[in-house]
file structure03.cif (mmCIF, C-alpha atoms and all ligand atoms)
data_work
#
loop_
_atom_site.label_atom_id
_atom_site.label_comp_id
_atom_site.auth_asym_id
_atom_site.auth_seq_id
_atom_site.Cartn_x
_atom_site.Cartn_y
_atom_site.Cartn_z
CA MET V 1 74.53 120.03 145.74
CA ALA V 2 75.37 117.70 142.87
CA ASP V 3 73.83 114.26 142.38
CA ARG V 4 77.31 112.76 142.19
CA LYS V 5 80.82 113.57 143.25
CA VAL V 6 82.22 111.77 140.19
CA VAL V 7 80.63 110.79 136.91
CA ILE V 8 82.63 108.80 134.40
CA ILE V 9 81.56 108.61 130.75
CA GLY V 10 82.90 105.54 128.98
CA SER V 11 83.26 101.88 129.86
CA GLY V 12 86.51 100.80 128.25
CA PRO V 13 89.67 100.09 130.29
CA ALA V 14 90.13 103.82 131.07
CA GLY V 15 86.59 104.38 132.35
CA LEU V 16 86.39 101.14 134.32
CA THR V 17 89.77 101.71 135.95
CA ALA V 18 88.77 105.27 136.86
CA ALA V 19 85.58 103.79 138.36
CA LEU V 20 87.53 101.16 140.30
CA TYR V 21 89.82 103.74 141.88
CA THR V 22 87.12 106.30 142.65
CA ALA V 23 84.87 103.58 144.08
CA ARG V 24 87.67 102.40 146.33
CA ALA V 25 88.18 106.04 147.41
CA ASN V 26 84.53 106.03 148.61
CA LEU V 27 83.41 108.51 145.97
CA SER V 28 80.45 106.33 144.83
CA PRO V 29 81.06 106.92 141.12
CA LEU V 30 78.41 106.71 138.46
CA LEU V 31 79.75 105.23 135.23
CA ILE V 32 77.73 105.83 132.09
CA GLU V 33 78.18 103.25 129.37
CA GLY V 34 76.88 103.71 125.87
CA LEU V 35 75.62 101.15 123.44
CA ASP V 36 79.14 100.07 122.46
CA ALA V 37 79.90 99.22 126.09
CA GLY V 38 83.37 97.89 126.82
CA GLY V 39 85.17 99.85 124.12
CA GLN V 40 87.50 98.53 121.47
CA LEU V 41 88.47 95.39 123.40
CA MET V 42 84.98 94.10 122.71
CA LEU V 43 86.04 93.89 119.06
CA THR V 44 89.19 91.90 119.79
CA THR V 45 89.64 88.18 120.24
CA MET V 46 92.64 87.02 122.30
CA VAL V 47 94.46 89.71 124.28
CA ASP V 48 97.98 88.51 125.01
CA ASN V 49 99.49 91.79 126.18
CA TRP V 50 97.37 92.46 129.27
CA PRO V 51 99.75 91.80 132.16
CA GLY V 52 98.78 89.00 134.49
CA TYR V 53 97.19 86.61 132.02
CA ARG V 54 100.01 84.35 130.96
CA ASP V 55 97.82 82.43 128.52
CA GLY V 56 95.99 85.54 127.31
CA ILE V 57 92.35 86.45 127.78
CA MET V 58 89.57 87.15 125.29
CA GLY V 59 88.88 90.90 124.95
CA PRO V 60 85.18 90.68 125.92
CA ASP V 61 86.04 88.43 128.91
CA LEU V 62 88.59 90.95 130.12
CA MET V 63 85.99 93.71 129.99
CA THR V 64 83.44 91.54 131.83
CA GLU V 65 86.02 90.97 134.58
CA MET V 66 86.87 94.66 134.84
CA ARG V 67 83.21 95.62 134.98
CA ALA V 68 82.44 93.08 137.73
CA GLN V 69 85.51 94.18 139.68
CA THR V 70 84.48 97.81 139.76
CA GLU V 71 80.86 96.90 140.62
CA ARG V 72 82.22 94.89 143.54
CA PHE V 73 83.42 98.16 145.06
CA GLY V 74 80.11 99.93 144.54
CA THR V 75 80.32 101.59 141.14
CA GLU V 76 76.87 102.23 139.76
CA ILE V 77 76.70 101.59 136.03
CA LEU V 78 74.07 103.31 133.94
CA THR V 79 73.45 102.28 130.34
CA GLY V 80 72.35 105.15 128.18
CA ASN V 81 73.38 107.89 125.85
CA VAL V 82 74.62 111.21 127.08
CA MET V 83 73.04 113.67 124.65
CA SER V 84 74.73 116.86 125.84
CA VAL V 85 76.88 118.24 128.63
CA ASP V 86 77.03 121.67 130.21
CA LEU V 87 80.50 122.22 131.60
CA SER V 88 80.21 125.99 131.81
CA ARG V 89 79.12 125.97 135.44
CA ARG V 90 79.46 123.77 138.49
CA PRO V 91 78.03 121.34 139.19
CA PHE V 92 78.39 120.05 135.64
CA THR V 93 75.17 118.83 134.01
CA LEU V 94 74.72 115.82 131.75
CA ALA V 95 71.49 115.44 129.78
CA MET V 96 70.60 111.82 129.08
CA GLY V 97 68.70 110.42 126.10
CA ASP V 98 65.70 109.58 128.31
CA GLY V 99 65.38 113.20 129.42
CA ARG V 100 67.04 112.65 132.78
CA LYS V 101 69.59 115.21 133.99
CA ILE V 102 72.57 114.23 136.12
CA THR V 103 74.77 116.72 137.95
CA ALA V 104 78.35 116.05 138.93
CA GLU V 105 81.07 117.80 140.89
CA SER V 106 83.72 116.24 138.70
CA LEU V 107 83.69 114.47 135.37
CA ILE V 108 86.05 111.90 133.90
CA ILE V 109 85.79 111.62 130.12
CA ALA V 110 86.82 108.18 128.88
CA THR V 111 84.82 107.95 125.67
CA GLY V 112 87.68 106.46 123.66
CA ALA V 113 88.29 106.59 119.97
CA SER V 114 86.76 104.47 117.28
CA ALA V 115 88.88 102.86 114.59
CA ARG V 116 87.65 103.76 111.15
CA TRP V 117 86.34 100.92 109.01
CA LEU V 118 86.18 100.52 105.27
CA ASP V 119 82.40 100.50 104.95
CA ILE V 120 82.38 97.48 102.67
CA GLY V 121 80.44 95.26 105.07
CA SER V 122 82.73 92.24 104.93
CA ASP V 123 85.41 94.05 106.98
CA ARG V 124 83.12 94.35 109.99
CA LYS V 125 81.66 90.88 109.51
CA LEU V 126 85.15 89.36 109.63
CA SER V 127 86.33 91.55 112.51
CA GLY V 128 88.17 89.28 114.95
CA HIS V 129 88.23 86.53 112.32
CA GLY V 130 91.16 87.74 110.25
CA VAL V 131 90.29 91.43 110.07
CA SER V 132 91.75 93.65 112.75
CA THR V 133 92.27 97.32 113.52
CA CYS V 134 95.11 96.67 116.00
CA ALA V 135 98.43 95.20 114.88
CA THR V 136 99.86 95.20 118.40
CA CYS V 137 96.89 93.16 119.59
CA ASP V 138 96.56 90.65 116.78
CA GLY V 139 99.80 90.55 114.77
CA TYR V 140 101.08 87.53 116.62
CA PHE V 141 98.29 85.34 115.18
CA PHE V 142 99.65 85.79 111.67
CA ARG V 143 103.05 84.17 112.02
CA GLY V 144 104.28 82.92 108.64
CA LYS V 145 101.12 84.13 106.86
CA PRO V 146 100.56 86.73 104.13
CA ILE V 147 98.51 89.74 105.19
CA ALA V 148 97.41 93.18 103.98
CA VAL V 149 97.50 96.56 105.66
CA VAL V 150 95.16 99.30 104.41
CA GLY V 151 96.18 102.96 104.64
CA GLY V 152 99.03 105.30 103.82
CA GLY V 153 99.54 107.18 107.10
CA ASP V 154 101.95 106.75 110.00
CA SER V 155 99.73 104.12 111.61
CA ALA V 156 99.65 102.02 108.45
CA MET V 157 103.43 102.21 108.01
CA GLU V 158 104.05 101.49 111.69
CA GLU V 159 101.68 98.52 111.57
CA ALA V 160 103.17 97.21 108.32
CA VAL V 161 106.70 97.34 109.76
CA TYR V 162 105.57 95.76 113.04
CA LEU V 163 103.60 93.03 111.25
CA SER V 164 106.55 92.19 108.98
CA ARG V 165 108.14 90.57 112.06
CA PHE V 166 105.44 87.89 112.02
CA ALA V 167 103.90 87.73 108.59
CA SER V 168 105.50 86.01 105.60
CA LYS V 169 104.56 89.04 103.49
CA VAL V 170 102.79 92.35 104.11
CA THR V 171 100.97 94.05 101.25
CA VAL V 172 100.06 97.69 101.84
CA ILE V 173 96.97 98.81 99.94
CA HIS V 174 96.81 102.57 99.55
CA ARG V 175 94.26 104.64 97.65
CA ARG V 176 96.80 107.08 96.24
CA ASP V 177 100.31 106.79 94.80
CA THR V 178 101.97 108.81 97.55
CA LEU V 179 102.01 108.13 101.25
CA ARG V 180 100.74 110.48 103.91
CA ALA V 181 103.13 109.02 106.51
CA SER V 182 106.19 110.93 107.76
CA LYS V 183 109.35 110.50 105.68
CA ILE V 184 111.07 108.38 108.30
CA MET V 185 108.15 105.95 108.51
CA GLN V 186 107.86 105.82 104.73
CA ASP V 187 111.57 105.05 104.37
CA LYS V 188 111.34 102.26 106.92
CA ALA V 189 108.39 100.61 105.19
CA LEU V 190 109.68 101.10 101.64
CA ALA V 191 113.06 99.59 102.56
CA ASN V 192 111.54 96.53 104.23
CA PRO V 193 111.93 93.51 101.92
CA LYS V 194 108.82 91.83 103.37
CA ILE V 195 106.56 94.79 102.55
CA ASP V 196 105.18 95.52 99.10
CA PHE V 197 102.66 98.12 97.95
CA ILE V 198 99.59 98.16 95.77
CA TRP V 199 99.06 101.82 94.85
CA ASP V 200 95.97 103.73 93.75
CA SER V 201 93.81 100.92 95.03
CA GLU V 202 91.17 100.04 97.56
CA ILE V 203 89.78 96.82 98.97
CA ALA V 204 86.48 96.17 97.20
CA ASP V 205 85.70 93.05 99.24
CA ILE V 206 87.18 90.61 101.75
CA ASN V 207 86.60 86.87 101.35
CA ASP V 208 85.22 84.71 102.85
CA VAL V 209 82.30 85.83 105.01
CA GLN V 210 80.57 82.46 104.48
CA LYS V 211 83.52 80.56 105.93
CA GLY V 212 83.97 83.08 108.72
CA GLU V 213 87.66 83.58 107.95
CA VAL V 214 89.85 85.65 105.67
CA THR V 215 90.99 83.80 102.57
CA GLY V 216 91.74 86.76 100.33
CA ILE V 217 90.77 90.22 99.14
CA VAL V 218 89.41 91.75 95.98
CA VAL V 219 91.45 94.83 95.10
CA ARG V 220 90.09 97.58 92.88
CA ASN V 221 92.50 99.84 91.00
CA LEU V 222 90.96 103.30 91.36
CA LYS V 223 92.51 104.57 88.13
CA THR V 224 91.53 101.71 85.83
CA GLY V 225 88.63 100.20 87.76
CA GLN V 226 90.24 96.79 87.31
CA LEU V 227 89.58 94.16 89.97
CA ARG V 228 92.00 91.47 91.04
CA ASP V 229 92.06 88.78 93.71
CA VAL V 230 94.88 88.55 96.21
CA ALA V 231 95.05 85.46 98.44
CA LEU V 232 96.01 86.21 102.05
CA ASP V 233 95.07 85.37 105.63
CA GLY V 234 94.61 88.68 107.36
CA VAL V 235 93.66 92.32 106.81
CA PHE V 236 94.72 95.14 109.12
CA ILE V 237 92.79 98.37 108.68
CA ALA V 238 94.86 101.42 109.63
CA ILE V 239 92.97 104.35 108.12
CA GLY V 240 92.83 106.37 111.29
CA HIS V 241 90.76 106.72 114.44
CA THR V 242 88.05 109.15 115.32
CA PRO V 243 88.11 110.33 118.94
CA ASN V 244 84.64 110.29 120.46
CA THR V 245 84.58 113.94 121.43
CA SER V 246 81.64 115.46 119.57
CA LEU V 247 79.78 115.87 122.91
CA PHE V 248 82.50 118.13 124.25
CA LYS V 249 83.29 120.30 121.23
CA GLY V 250 83.28 123.99 122.08
CA GLN V 251 83.66 123.28 125.81
CA VAL V 252 86.71 121.09 126.37
CA GLY V 253 89.99 121.96 124.62
CA LEU V 254 90.61 119.69 121.64
CA ASP V 255 93.63 119.38 119.37
CA THR V 256 93.40 119.73 115.60
CA ASN V 257 92.53 116.01 115.24
CA GLY V 258 89.71 116.28 117.80
CA TYR V 259 91.53 114.59 120.72
CA ILE V 260 91.10 116.14 124.17
CA VAL V 261 94.17 118.09 125.24
CA THR V 262 95.33 117.08 128.71
CA HIS V 263 98.06 118.60 130.82
CA ASP V 264 99.65 117.83 134.20
CA GLY V 265 98.30 114.30 134.23
CA THR V 266 94.72 114.06 133.06
CA ARG V 267 93.52 117.64 133.55
CA THR V 268 91.63 119.36 130.75
CA ASN V 269 91.18 123.11 130.33
CA ILE V 270 88.18 122.93 132.71
CA PRO V 271 89.00 122.43 136.40
CA GLY V 272 87.15 119.33 137.59
CA VAL V 273 87.00 117.74 134.14
CA PHE V 274 89.56 115.02 133.44
CA ALA V 275 90.18 112.85 130.40
CA ALA V 276 91.67 109.37 130.21
CA GLY V 277 92.38 106.72 127.59
CA ASP V 278 92.22 106.94 123.83
CA VAL V 279 90.03 110.04 123.84
CA GLN V 280 93.20 111.97 124.75
CA ASP V 281 95.90 109.63 123.43
CA HIS V 282 96.57 109.04 119.76
CA ILE V 283 100.06 107.68 120.33
CA TYR V 284 100.02 104.64 122.65
CA ARG V 285 96.38 103.53 122.31
CA GLN V 286 96.84 100.36 124.35
CA ALA V 287 94.39 98.87 126.84
CA VAL V 288 97.05 98.94 129.52
CA THR V 289 97.96 102.59 128.93
CA ALA V 290 94.27 103.52 128.88
CA ALA V 291 93.79 101.74 132.20
CA GLY V 292 96.86 103.54 133.59
CA SER V 293 95.47 106.94 132.60
CA GLY V 294 92.07 105.97 134.07
CA CYS V 295 93.84 105.43 137.38
CA MET V 296 95.55 108.82 137.03
CA ALA V 297 92.23 110.54 136.29
CA ALA V 298 90.66 108.97 139.39
CA ILE V 299 93.49 110.21 141.59
CA ASP V 300 93.40 113.67 139.96
CA ALA V 301 89.61 113.85 140.50
CA GLU V 302 89.95 112.72 144.10
CA ARG V 303 92.52 115.44 144.79
CA TYR V 304 90.38 118.02 143.06
CA LEU V 305 87.35 117.07 145.19
CA GLU V 306 89.43 117.25 148.34
CA GLY V 307 90.57 120.72 147.32
CA ILE V 308 94.22 119.70 147.39
CA PRO V 309 96.12 122.42 145.53
CA ASP V 310 98.25 120.95 142.83
CA GLU V 311 101.64 122.64 142.72
CA MET V 312 102.14 121.25 139.26
CA HIS V 313 98.87 122.59 137.91
CA GLN V 314 99.58 125.03 135.10
CA PRO V 315 96.73 126.25 132.91
CA SER V 316 97.27 124.89 129.43
CA THR V 317 98.00 127.39 126.72
CA ALA V 318 97.94 124.66 124.07
CA ALA V 319 94.26 123.93 124.52
CA GLN V 320 92.04 125.34 121.82
CA LEU V 321 88.31 125.18 121.70
P1 LIG V 401 96.04 109.43 109.09
O1 LIG V 401 97.33 110.17 109.16
O2 LIG V 401 94.79 110.20 109.02
O3 LIG V 401 96.14 108.48 107.82
C1 LIG V 401 95.05 107.71 107.42
C2 LIG V 401 95.41 107.01 106.11
O4 LIG V 401 94.33 106.18 105.75
C3 LIG V 401 95.66 107.98 104.96
O5 LIG V 401 96.72 107.53 104.17
C4 LIG V 401 94.34 107.94 104.20
O6 LIG V 401 94.50 108.09 102.80
C5 LIG V 401 93.86 106.55 104.46
N1 LIG V 401 92.41 106.47 104.44
C6 LIG V 401 91.51 107.22 105.17
N2 LIG V 401 90.25 106.82 104.93
C7 LIG V 401 90.35 105.79 104.06
C8 LIG V 401 89.39 104.95 103.44
N3 LIG V 401 88.08 105.08 103.68
N4 LIG V 401 89.83 103.99 102.60
C9 LIG V 401 91.15 103.84 102.35
N5 LIG V 401 92.11 104.60 102.92
C10 LIG V 401 91.71 105.57 103.75
O7 LIG V 401 95.84 108.43 110.34
P2 LIG V 401 96.95 107.65 111.18
O8 LIG V 401 97.95 107.02 110.32
O9 LIG V 401 96.19 106.78 112.14
O10 LIG V 401 97.64 108.80 112.02
C11 LIG V 401 96.87 109.67 112.87
C12 LIG V 401 97.80 110.66 113.55
O11 LIG V 401 98.64 109.96 114.49
C13 LIG V 401 98.75 111.34 112.57
O12 LIG V 401 98.96 112.66 113.02
C14 LIG V 401 100.01 110.56 112.67
O13 LIG V 401 101.18 111.28 112.32
C15 LIG V 401 100.00 110.16 114.15
N6 LIG V 401 100.74 108.89 114.36
C16 LIG V 401 102.05 108.99 114.66
C17 LIG V 401 102.78 107.85 114.83
C18 LIG V 401 104.22 107.97 115.19
O14 LIG V 401 104.73 109.09 115.20
N7 LIG V 401 104.92 106.89 115.48
C19 LIG V 401 102.21 106.59 114.67
C20 LIG V 401 100.87 106.51 114.33
C21 LIG V 401 100.15 107.69 114.16
P3 LIG V 401 94.96 109.52 102.18
O15 LIG V 401 96.41 109.62 102.47
O16 LIG V 401 94.64 109.35 100.72
O17 LIG V 401 94.13 110.55 102.85
#
call {"tool": "encode", "arguments": {"input": "structure03.cif", "output": "structure tokens", "more": "lines below"}}
Ligand code: NAP
result
Amino acid sequence: MADRKVVIIGSGPAGLTAALYTARANLSPLLIEGLDAGGQLMLTTMVDNWPGYRDGIMGPDLMTEMRAQTERFGTEILTGNVMSVDLSRRPFTLAMGDGRKITAESLIIATGASARWLDIGSDRKLSGHGVSTCATCDGYFFRGKPIAVVGGGDSAMEEAVYLSRFASKVTVIHRRDTLRASKIMQDKALANPKIDFIWDSEIADINDVQKGEVTGIVVRNLKTGQLRDVALDGVFIAIGHTPNTSLFKGQVGLDTNGYIVTHDGTRTNIPGVFAAGDVQDHIYRQAVTAAGSGCMAAIDAERYLEGIPDEMHQPSTAAQL
């Protein structure tokens, strides 16, 4: 007999929505939140694309509301680190940092993905104050202003093109002289008259931490070592995301970038283990899509626990360990 019918790991929009739905289905879920509780929305300021808030809502406020809503229906929230999981037998076992072991009949993984940062210090200090890792979330604040995008992949090109709708000018800073992005995305960005490129360069620093806002960047040419100042109002970092899947490696099927492979909704390669949100989605990566997949995972888990055969369930052949 397991301690819990459903355990959810992760407290972003996917995890909290999964908790809301499983709580309302009388499954008394346990949600485990880590130290970065609330996920990426905790790093955002105004969220204007969450339906229902016509004047927008601050990211941390939205997460507080979601958390309170799911607690209202009886979700138990445990703060702590899951150190390891054993998904090889049922019930599944989770070992916590304090030595406690929790067993579960079903598991919903909603551990998200973390945007990569530059590791220059000032980028994190100015996060939400001119530095962002989400163009869709924050682009609108930079209407008529010059901004920079860091990176040379598809995300950077997509963000640069998207941001060119608002910004007066977008400067892409890339550490090499060729882009990693797909040809079609490269062509779009290179042909855009509002986008220019600084090649072979990195951001050495972002000003002005003292003022608490972005006033410009210091760019270092990696070939010559030369530094130069560029005045601008915003910096978007698009150097990739890292899915938070190290706990599940070797047990749950991951793709080559480390994202959990799901099939037929939110099912993983292990019956009874479901994945929702950015941990299994490197394409949409929106709060609202994460919440939607959290809802799907809850319904999938509920059906699994009731033993409802799923006609659509096909074992994935794409999943690799
Ligand atoms: P990515 O392909 O890994 O590209 C990351 C970029 O950031 C690279 O250009 C890399 O430079 C640069 N970079 C990494 N670390 C850096 C650092 N510390 N400082 C400066 N630059 C750094 O990541 P992504 O663009 O997020 O894409 C991830 C996956 O999602 C890819 O498979 C991509 O095709 C896919 N995606 C698809 C779409 C689409 O189809 N519409 C949109 C977005 C993403 P180097 O090139 O020198 O390594």
call {"tool": "closest_atom_pairs", "arguments": {"input": "structure03.cif", "of": "chain V", "to": "ligand LIG 401 (chain V)", "cutoff": "9 Å", "atoms": "only C-alpha atoms and all ligand atoms", "output": "Markdown table"}}
result
| residue | atom | partner | partner_atom | distance |
| --- | --- | --- | --- | --- |
| V:Ala115 | CA | V:LIG401 | O9 | 8.6 |
| V:Arg116 | CA | V:LIG401 | N2 | 7.4 |
| V:Trp117 | CA | V:LIG401 | N3 | 7.0 |
| V:Leu118 | CA | V:LIG401 | N3 | 5.2 |
| V:Asp119 | CA | V:LIG401 | N3 | 7.4 |
| V:Val150 | CA | V:LIG401 | N5 | 6.3 |
| V:Gly151 | CA | V:LIG401 | O4 | 3.9 |
| V:Gly152 | CA | V:LIG401 | O5 | 3.2 |
| V:Gly153 | CA | V:LIG401 | O8 | 3.6 |
| V:Asp154 | CA | V:LIG401 | O8 | 4.0 |
| V:Ser155 | CA | V:LIG401 | O8 | 3.6 |
| V:Ala156 | CA | V:LIG401 | O8 | 5.6 |
| V:Met157 | CA | V:LIG401 | O8 | 7.6 |
| V:Glu158 | CA | V:LIG401 | C19 | 6.2 |
| V:Glu159 | CA | V:LIG401 | C20 | 8.5 |
| V:Ile173 | CA | V:LIG401 | C9 | 8.1 |
| V:His174 | CA | V:LIG401 | N5 | 6.1 |
| V:Arg175 | CA | V:LIG401 | O16 | 5.6 |
| V:Arg176 | CA | V:LIG401 | O16 | 5.5 |
| V:Asp177 | CA | V:LIG401 | O16 | 8.6 |
| V:Thr178 | CA | V:LIG401 | O15 | 7.5 |
| V:Leu179 | CA | V:LIG401 | O15 | 5.9 |
| V:Arg180 | CA | V:LIG401 | O15 | 4.6 |
| V:Ala181 | CA | V:LIG401 | O1 | 6.5 |
| V:Ser182 | CA | V:LIG401 | O13 | 6.8 |
| V:Met185 | CA | V:LIG401 | N7 | 7.7 |
| V:Ser201 | CA | V:LIG401 | C9 | 8.3 |
| V:Glu202 | CA | V:LIG401 | C9 | 6.1 |
| V:Ile203 | CA | V:LIG401 | C9 | 7.9 |
| V:Ile237 | CA | V:LIG401 | O4 | 8.5 |
| V:Ala238 | CA | V:LIG401 | O9 | 6.1 |
| V:Ile239 | CA | V:LIG401 | O4 | 3.3 |
| V:Gly240 | CA | V:LIG401 | O9 | 3.5 |
| V:His241 | CA | V:LIG401 | O9 | 5.9 |
| V:Asn257 | CA | V:LIG401 | O12 | 7.6 |
| V:His282 | CA | V:LIG401 | O11 | 5.7 |
| V:Ile283 | CA | V:LIG401 | N6 | 6.1 |
| V:Tyr284 | CA | V:LIG401 | C19 | 8.5 |
call {"tool": "atom_distance", "arguments": {"input": "structure03.cif", "atom1": "CA of Val273 (chain V)", "atom2": "CA of Ser106 (chain V)"}}
result
5.8 Å
call {"tool": "atom_distance", "arguments": {"input": "structure03.cif", "atom1": "CA of Ala298 (chain V)", "atom2": "CA of Tyr21 (chain V)"}}
result
5.9 Å
call {"tool": "atom_distance", "arguments": {"input": "structure03.cif", "atom1": "CA of Thr171 (chain V)", "atom2": "CA of Asp233 (chain V)"}}
result
11.4 Å
call {"tool": "residues_around", "arguments": {"input": "structure03.cif", "residues": "Gly144 (chain V)", "least_positions_apart": "2", "cutoff": "12 Å", "atoms": "all atoms listed in the file", "output": "list of chain:residue names"}}
result
V:Gly139, V:Tyr140, V:Phe141, V:Phe142, V:Pro146, V:Ile147, V:Leu163, V:Ser164, V:Arg165, V:Phe166, V:Ala167, V:Ser168, V:Lys169, V:Val170, V:Lys194, V:Leu232, V:Asp233, V:Gly234
call {"tool": "residues_around", "arguments": {"input": "structure03.cif", "residues": "Val82 (chain V)", "least_positions_apart": "5", "cutoff": "7 Å", "atoms": "all atoms listed in the file", "output": "PyMOL selection string"}}
result
chain V and resi 94-97
call {"tool": "axis_aligned_box", "arguments": {"input": "structure03.cif", "around": "region 52-60 of chain V", "padding_each_side": "3 Å", "output": "JSON"}}
result
{"center_x": 92.6, "center_y": 86.7, "center_z": 129.7, "size_x": 20.8, "size_y": 14.5, "size_z": 15.5}
call {"tool": "residues_around", "arguments": {"input": "structure03.cif", "residues": "Gly307 (chain V)", "least_positions_apart": "2", "cutoff": "12 Å", "atoms": "all atoms listed in the file", "output": "mmCIF file with C-alpha atoms, in the coordinates of the input"}}
result
data_model
loop_
_atom_site.group_PDB
_atom_site.id
_atom_site.type_symbol
_atom_site.label_atom_id
_atom_site.label_comp_id
_atom_site.auth_asym_id
_atom_site.auth_seq_id
_atom_site.Cartn_x
_atom_site.Cartn_y
_atom_site.Cartn_z
ATOM 1 C CA GLU V 105 81.070 117.800 140.890
ATOM 2 C CA SER V 106 83.720 116.240 138.700
ATOM 3 C CA PRO V 271 89.000 122.430 136.400
ATOM 4 C CA GLY V 272 87.150 119.330 137.590
ATOM 5 C CA ASP V 300 93.400 113.670 139.960
ATOM 6 C CA ALA V 301 89.610 113.850 140.500
ATOM 7 C CA GLU V 302 89.950 112.720 144.100
ATOM 8 C CA ARG V 303 92.520 115.440 144.790
ATOM 9 C CA TYR V 304 90.380 118.020 143.060
ATOM 10 C CA LEU V 305 87.350 117.070 145.190
ATOM 11 C CA PRO V 309 96.120 122.420 145.530
ATOM 12 C CA ASP V 310 98.250 120.950 142.830
#
call {"tool": "residues_around", "arguments": {"input": "structure03.cif", "residues": "Asp3 (chain V)", "least_positions_apart": "3", "cutoff": "7 Å", "atoms": "all atoms listed in the file", "output": "VMD selection string"}}
result
chain V and resid 102 to 104
call {"tool": "closest_residue", "arguments": {"input": "structure03.cif", "among": "V:Asp98, V:Gly112, V:Ala2, V:Gly121", "to": "Ala37 (chain V)", "atoms": "only C-alpha atoms"}}
result
V:Gly112
call {"tool": "closest_residue", "arguments": {"input": "structure03.cif", "among": "V:Ser293, V:Thr245, V:Gly277, V:Ser11", "to": "Asp264 (chain V)", "atoms": "all atoms listed in the file"}}
result
V:Ser293
call {"tool": "closest_residue", "arguments": {"input": "structure03.cif", "among": "V:Asn192, V:Thr215, V:Thr111, V:Asn81", "to": "Ala148 (chain V)", "atoms": "all atoms listed in the file"}}
result
V:Thr215
